[in-house]
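Everything on this sheet refers to the single structure shown next.
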Amino acid sequence: MIAGPTGTGKSELAVRLAETIGGEVVNYDSVQIYRGFDIGSAKPSAELRARVPHHLFDIVDADADFNAASYARLAGETCSAILARRRAPLFVGGTGFYLRAFLGALPEIPARDEAIRARLRRIASRPCGPSHLHRWLSRIDPVSAARIAPADRHRVERALEVWMISGRPISNWPSPSADAPDARPAIKIALSLDRAQSVGILDQRVEEMYRAGLIEETRTLLTRFSRTSRPFTTIGYREALAVVEGTMALRDAVAETQRRTRAYAKRQMTWLRGERNLVWIDASDPEHTFSAALQHIEQHLRRPGEL
RNA sequence: GGAGAGAUGGCUGAGCGGUUAAAAGCAGCAGACUGUAAAUCUGCCGGGCCACGCCCUACGGAGGUUCGAAUCCUCCUCUCUCCA
């Protein structure tokens, strides 16, 4: 598994490693799974993808339901198939939650229910709705209410949803214990760049996305999918959508996308710091990164017991 | 040359006699994350300390009025807009 904040060169590294050790790339990026969302999600190029088999890219349409559980299921199937071919699955992406769902396995817990979510959202949209929902939560599940901020609408809704479906507070369902080992063994490599360097790369990459036609891509996608579709809320597409609809100037959209991209990279770092058994490799020199990663993998493969 | 407007913490920008180390946003730092996760959310954010409290420095500069001034007055410096 290859991790690291956005813009550290994961995709290229993964392909080189796959070529070298006989592997196949499996995506764990929550936006690159969407068909057509290419430029803004920094999807690996066709040339790169042609070098080695790539999985779980372009697998759903923007208006389809998809979440971490769907991902974990697909990733499991994909992984097994690759192993059956006696090849190495190389997971690459930036959505830590998806990877954890796959590696650690999500606990058995009631699934998302659109009808219930719609009801909850209707309540939330009323004046004082969010605080009302949180008060409701504290009555049925004080433990979760203490943990979840009233403004955190997604989590408040999910906690209430689980209770409405099962009659049992979400805090009573099995929780993914942080200390338990992953259900699946993995060699975990994370790429890192120093902040100043990373910011420069990210800013430039965002400008290139707009130059490469992010606005046009968004305009085209809007003819096929509702503007409320999930991926239109992501970094880049949210701003491009605003430009297409005329509510934001191009200049501002670029700056806003750069800002959100930087914040995202930072959030990814926070997530990764909590990930166990991660080996950090400096990503400023691709050659060095490649050999260090390869060396690390070979060490582990020679002693599979340590996996 | 004339007429206005303004100078606030890294930036944008409120405040316009006390409750103001100074709203809010941004940037920065740290964190959370059990089926929306590139989403959603939380905390810190002038400096110092024997830190649930105290001290220092702060609203262009210098004076002044006042028990008390970022807020009022005077002068100075600089910026912007408009008219010549």
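Residues are named by chain letter and number: chains run A, B, ... in the order of the structure tokens, numbers start at 1 in each chain, and ligands are numbered from 1 in the order shown.
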
Based on only C-alpha atoms (C1' of nucleotides), which of the residues in chain B come within 10 Å of chain A? I want them as a PDB file with C-alpha atoms (C1' of nucleotides), in the first residue's frame.
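Final output, saved to part.pdb:
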ATOM      1  C1'   C B  26      -8.070  33.997   5.431  1.00  0.00           C
ATOM      2  C1'   A B  27      -3.303  32.093   6.246  1.00  0.00           C
ATOM      3  C1'   A B  30      -2.690  20.805  16.249  1.00  0.00           C
ATOM      4  C1'   G B  31      -6.613  17.298  16.276  1.00  0.00           C
ATOM      5  C1'   A B  32     -11.127  14.176  15.288  1.00  0.00           C
ATOM      6  C1'   C B  33     -12.764  10.625  11.767  1.00  0.00           C
ATOM      7  C1'   U B  34     -17.297   3.059  12.907  1.00  0.00           C
ATOM      8  C1'   G B  35     -21.521   3.208   5.282  1.00  0.00           C
ATOM      9  C1'   U B  36     -21.277  11.381   2.102  1.00  0.00           C
ATOM     10  C1'   A B  37     -14.395  10.956   3.858  1.00  0.00           C
ATOM     11  C1'   A B  38     -11.117  15.509  -1.897  1.00  0.00           C
ATOM     12  C1'   A B  39     -16.717  15.018   2.727  1.00  0.00           C
ATOM     13  C1'   U B  40     -17.833  16.757   7.683  1.00  0.00           C
ATOM     14  C1'   C B  41     -16.186  18.791  12.097  1.00  0.00           C
ATOM     15  C1'   U B  42     -13.125  20.556  16.677  1.00  0.00           C
TER      16        U B  42
END

Exercise for review: Would you mind listing what lies within 10 Å of U71 in chain B as a list of chain:residue names, with only C-alpha atoms (C1' of nucleotides) counted and same-chain residues fewer than 4 positions away left out?
Suggested key: B:G15, B:C16, B:G17, B:C59

Written selection (C-alpha atoms (C1' of nucleotides)) as a short mmCIF file (atom, residue, chain, number, x, y, z; two decimals), in the first residue's frame:
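Result saved to selection.cif:
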data_model
loop_
_atom_site.label_atom_id
_atom_site.label_comp_id
_atom_site.auth_asym_id
_atom_site.auth_seq_id
_atom_site.Cartn_x
_atom_site.Cartn_y
_atom_site.Cartn_z
"C1'" G B 15 -15.00 48.35 16.11
"C1'" C B 16 -15.65 54.42 16.82
"C1'" G B 17 -15.04 56.65 25.15
"C1'" C B 59 -4.78 49.81 16.71
#

**Study point:** 12 Å contact set for U66 in chain B, only C-alpha atoms (C1' of nucleotides), chain neighbours under 5 positions out, as a ChimeraX atom specification
**Key:** /B:17-18,72-73

Could you turn the residues from that selection into a file that holds N, CA and C atoms (P, O5', C5', C4', C3', O3' and C1' of nucleotides), as a PDB file, in the first residue's frame?
ATOM      1  P     G B  17     -18.512  55.902  20.434  1.00  0.00           P
ATOM      2  O5'   G B  17     -17.477  55.459  21.551  1.00  0.00           O
ATOM      3  C5'   G B  17     -16.930  56.402  22.335  1.00  0.00           C
ATOM      4  C4'   G B  17     -15.914  55.755  23.212  1.00  0.00           C
ATOM      5  C3'   G B  17     -16.533  54.983  24.374  1.00  0.00           C
ATOM      6  O3'   G B  17     -15.829  53.743  24.491  1.00  0.00           O
ATOM      7  C1'   G B  17     -15.035  56.654  25.147  1.00  0.00           C
ATOM      8  P     G B  18     -16.805  52.474  24.864  1.00  0.00           P
ATOM      9  O5'   G B  18     -16.071  51.886  26.125  1.00  0.00           O
ATOM     10  C5'   G B  18     -14.767  51.323  26.077  1.00  0.00           C
ATOM     11  C4'   G B  18     -14.336  51.160  27.500  1.00  0.00           C
ATOM     12  C3'   G B  18     -14.690  49.855  28.185  1.00  0.00           C
ATOM     13  O3'   G B  18     -13.462  49.170  28.288  1.00  0.00           O
ATOM     14  C1'   G B  18     -15.081  51.731  29.602  1.00  0.00           C
ATOM     15  P     C B  72     -12.826  59.226  16.909  1.00  0.00           P
ATOM     16  O5'   C B  72     -12.871  60.394  18.004  1.00  0.00           O
ATOM     17  C5'   C B  72     -14.113  61.012  18.350  1.00  0.00           C
ATOM     18  C4'   C B  72     -13.833  62.213  19.216  1.00  0.00           C
ATOM     19  C3'   C B  72     -12.682  63.086  18.728  1.00  0.00           C
ATOM     20  O3'   C B  72     -13.123  64.009  17.759  1.00  0.00           O
ATOM     21  C1'   C B  72     -12.394  62.654  21.029  1.00  0.00           C
ATOM     22  P     C B  73     -12.113  64.556  16.631  1.00  0.00           P
ATOM     23  O5'   C B  73     -11.220  65.580  17.464  1.00  0.00           O
ATOM     24  C5'   C B  73     -11.778  66.790  17.964  1.00  0.00           C
ATOM     25  C4'   C B  73     -10.689  67.608  18.607  1.00  0.00           C
ATOM     26  C3'   C B  73      -9.461  67.820  17.737  1.00  0.00           C
ATOM     27  O3'   C B  73      -9.639  68.916  16.862  1.00  0.00           O
ATOM     28  C1'   C B  73      -8.786  67.123  19.894  1.00  0.00           C
TER      29        C B  73
END

Check your understanding: as a PyMOL selection string, which residues of range 82-136 of chain A does DSSP assign to alpha helix (DSSP H)?
Key -> chain A and resi 82-84+96-100+114-124+129-136

For the residues in that selection, give me N, CA and C atoms as an mmCIF file, in the first residue's frame.
data_model
loop_
_atom_site.group_PDB
_atom_site.id
_atom_site.type_symbol
_atom_site.label_atom_id
_atom_site.label_comp_id
_atom_site.auth_asym_id
_atom_site.auth_seq_id
_atom_site.Cartn_x
_atom_site.Cartn_y
_atom_site.Cartn_z
ATOM 1 N N ILE A 82 -6.357 -10.631 -7.849
ATOM 2 C CA ILE A 82 -4.951 -10.380 -8.183
ATOM 3 C C ILE A 82 -4.054 -11.431 -7.530
ATOM 4 N N LEU A 83 -4.341 -11.733 -6.280
ATOM 5 C CA LEU A 83 -3.535 -12.733 -5.578
ATOM 6 C C LEU A 83 -3.681 -14.095 -6.237
ATOM 7 N N ALA A 84 -4.888 -14.380 -6.731
ATOM 8 C CA ALA A 84 -5.123 -15.666 -7.402
ATOM 9 C C ALA A 84 -4.265 -15.773 -8.654
ATOM 10 N N GLY A 96 -7.764 7.682 3.146
ATOM 11 C CA GLY A 96 -7.391 6.826 4.259
ATOM 12 C C GLY A 96 -8.558 6.020 4.807
ATOM 13 N N PHE A 97 -9.711 6.645 4.809
ATOM 14 C CA PHE A 97 -10.885 5.972 5.352
ATOM 15 C C PHE A 97 -11.262 4.747 4.524
ATOM 16 N N TYR A 98 -11.162 4.852 3.211
ATOM 17 C CA TYR A 98 -11.479 3.721 2.342
ATOM 18 C C TYR A 98 -10.488 2.586 2.589
ATOM 19 N N LEU A 99 -9.240 2.953 2.687
ATOM 20 C CA LEU A 99 -8.234 1.926 2.872
ATOM 21 C C LEU A 99 -8.429 1.226 4.225
ATOM 22 N N ARG A 100 -8.746 2.015 5.226
ATOM 23 C CA ARG A 100 -8.970 1.420 6.541
ATOM 24 C C ARG A 100 -10.187 0.507 6.522
ATOM 25 N N GLU A 114 -31.296 5.593 2.512
ATOM 26 C CA GLU A 114 -31.604 6.886 1.892
ATOM 27 C C GLU A 114 -32.897 7.508 2.399
ATOM 28 N N ALA A 115 -33.905 6.674 2.643
ATOM 29 C CA ALA A 115 -35.198 7.215 3.084
ATOM 30 C C ALA A 115 -35.040 7.897 4.443
ATOM 31 N N ILE A 116 -34.331 7.212 5.333
ATOM 32 C CA ILE A 116 -34.119 7.777 6.664
ATOM 33 C C ILE A 116 -33.275 9.035 6.583
ATOM 34 N N ARG A 117 -32.249 8.983 5.750
ATOM 35 C CA ARG A 117 -31.385 10.171 5.611
ATOM 36 C C ARG A 117 -32.185 11.362 5.089
ATOM 37 N N ALA A 118 -33.103 11.095 4.185
ATOM 38 C CA ALA A 118 -33.915 12.180 3.628
ATOM 39 C C ALA A 118 -34.747 12.820 4.738
ATOM 40 N N ARG A 119 -35.316 11.967 5.596
ATOM 41 C CA ARG A 119 -36.112 12.498 6.710
ATOM 42 C C ARG A 119 -35.247 13.343 7.632
ATOM 43 N N LEU A 120 -34.088 12.825 7.949
ATOM 44 C CA LEU A 120 -33.187 13.548 8.858
ATOM 45 C C LEU A 120 -32.747 14.868 8.241
ATOM 46 N N ARG A 121 -32.488 14.834 6.959
ATOM 47 C CA ARG A 121 -32.033 16.055 6.307
ATOM 48 C C ARG A 121 -33.135 17.101 6.275
ATOM 49 N N ARG A 122 -34.375 16.631 6.176
ATOM 50 C CA ARG A 122 -35.485 17.579 6.183
ATOM 51 C C ARG A 122 -35.543 18.288 7.545
ATOM 52 N N ILE A 123 -35.338 17.520 8.588
ATOM 53 C CA ILE A 123 -35.344 18.133 9.928
ATOM 54 C C ILE A 123 -34.166 19.096 10.064
ATOM 55 N N ALA A 124 -33.018 18.675 9.561
ATOM 56 C CA ALA A 124 -31.799 19.482 9.705
ATOM 57 C C ALA A 124 -31.913 20.822 8.992
ATOM 58 N N GLY A 129 -32.563 23.265 13.211
ATOM 59 C CA GLY A 129 -32.628 21.837 12.944
ATOM 60 C C GLY A 129 -31.426 21.073 13.464
ATOM 61 N N PRO A 130 -30.212 21.517 13.135
ATOM 62 C CA PRO A 130 -29.019 20.785 13.573
ATOM 63 C C PRO A 130 -28.921 20.631 15.092
ATOM 64 N N SER A 131 -29.237 21.694 15.813
ATOM 65 C CA SER A 131 -29.125 21.573 17.272
ATOM 66 C C SER A 131 -30.244 20.678 17.811
ATOM 67 N N HIS A 132 -31.385 20.708 17.132
ATOM 68 C CA HIS A 132 -32.481 19.824 17.513
ATOM 69 C C HIS A 132 -32.069 18.366 17.349
ATOM 70 N N LEU A 133 -31.438 18.054 16.228
ATOM 71 C CA LEU A 133 -30.982 16.685 15.977
ATOM 72 C C LEU A 133 -29.958 16.246 17.021
ATOM 73 N N HIS A 134 -29.072 17.181 17.367
ATOM 74 C CA HIS A 134 -28.038 16.817 18.334
ATOM 75 C C HIS A 134 -28.650 16.573 19.706
ATOM 76 N N ARG A 135 -29.672 17.349 20.051
ATOM 77 C CA ARG A 135 -30.343 17.129 21.346
ATOM 78 C C ARG A 135 -31.046 15.766 21.353
ATOM 79 N N TRP A 136 -31.615 15.443 20.223
ATOM 80 C CA TRP A 136 -32.260 14.147 20.059
ATOM 81 C C TRP A 136 -31.213 13.050 20.269
#

**Study point:** Backbone DSSP call of strand (DSSP E or B) for range 27-61 of chain A, listed as number ranges by chain
**Key:** A: 27, 34, 54-55, 60

Point to revise | Non-local contacts of U77 in chain B (12 Å; only C-alpha atoms (C1' of nucleotides); under 2 positions in same chain excluded) as a ChimeraX atom specification | key: /B:7,60-62,75,79

Exercise for review: Quote the spacing between CA of Val244 in chain A and CA of Arg35 in chain A in Å to one decimal place.
Suggested key: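 These two atoms are separated by 19.7 Å.
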
Practice item. Tell me, as a list in words, which residues lie within 10 Å of G9 in chain B, counting only C-alpha atoms (C1' of nucleotides); anything in the same chain fewer than 5 positions away does not count. Key: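 Neighbouring residues, sequence-local ones excluded: A21, A22, G46, A58 and C59 of chain B.
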
Written selection (N, CA and C atoms (P, O5', C5', C4', C3', O3' and C1' of nucleotides)) as an mmCIF file, in the first residue's frame:
data_model
loop_
_atom_site.group_PDB
_atom_site.id
_atom_site.type_symbol
_atom_site.label_atom_id
_atom_site.label_comp_id
_atom_site.auth_asym_id
_atom_site.auth_seq_id
_atom_site.Cartn_x
_atom_site.Cartn_y
_atom_site.Cartn_z
ATOM 1 P P A B 21 -9.026 44.087 27.474
ATOM 2 O "O5'" A B 21 -8.464 43.349 26.191
ATOM 3 C "C5'" A B 21 -7.314 42.637 26.146
ATOM 4 C "C4'" A B 21 -7.326 41.883 24.838
ATOM 5 C "C3'" A B 21 -7.075 40.402 25.042
ATOM 6 O "O3'" A B 21 -7.877 39.618 24.200
ATOM 7 C "C1'" A B 21 -5.425 41.357 23.612
ATOM 8 P P A B 22 -9.406 39.831 24.059
ATOM 9 O "O5'" A B 22 -9.612 41.093 23.101
ATOM 10 C "C5'" A B 22 -9.348 40.959 21.741
ATOM 11 C "C4'" A B 22 -10.080 42.048 21.004
ATOM 12 C "C3'" A B 22 -10.021 41.884 19.479
ATOM 13 O "O3'" A B 22 -11.134 41.128 19.048
ATOM 14 C "C1'" A B 22 -9.307 44.059 20.091
ATOM 15 P P G B 46 -2.990 35.454 19.733
ATOM 16 O "O5'" G B 46 -1.713 36.400 19.704
ATOM 17 C "C5'" G B 46 -0.980 36.555 18.509
ATOM 18 C "C4'" G B 46 0.229 37.413 18.771
ATOM 19 C "C3'" G B 46 1.159 36.872 19.862
ATOM 20 O "O3'" G B 46 2.057 35.925 19.347
ATOM 21 C "C1'" G B 46 0.711 39.148 20.276
ATOM 22 P P A B 58 3.622 49.674 23.169
ATOM 23 O "O5'" A B 58 3.018 48.850 21.968
ATOM 24 C "C5'" A B 58 1.855 49.309 21.401
ATOM 25 C "C4'" A B 58 1.264 48.281 20.494
ATOM 26 C "C3'" A B 58 -0.139 48.702 20.118
ATOM 27 O "O3'" A B 58 -0.054 49.586 19.010
ATOM 28 C "C1'" A B 58 -0.226 46.515 20.939
ATOM 29 P P C B 59 -0.554 51.074 19.168
ATOM 30 O "O5'" C B 59 -1.610 51.123 17.988
ATOM 31 C "C5'" C B 59 -1.334 50.419 16.770
ATOM 32 C "C4'" C B 59 -2.630 50.275 16.034
ATOM 33 C "C3'" C B 59 -3.385 51.595 15.949
ATOM 34 O "O3'" C B 59 -3.495 51.913 14.562
ATOM 35 C "C1'" C B 59 -4.776 49.806 16.714
#

Check your understanding: Counting only C-alpha atoms (C1' of nucleotides), what is within 9 Å of range 42-44 of chain A, bar same-chain residues fewer than 2 positions away, as number ranges by chain?
Key -> A: 7, 11-12, 31-32, 37-40, 46-49, 57, 205, 209

Point to revise | Counting only C-alpha atoms, the option among A:Leu202, A:Leu222, A:Ile187, A:Ile21 closest to Arg86 in chain A | key: A:Ile21
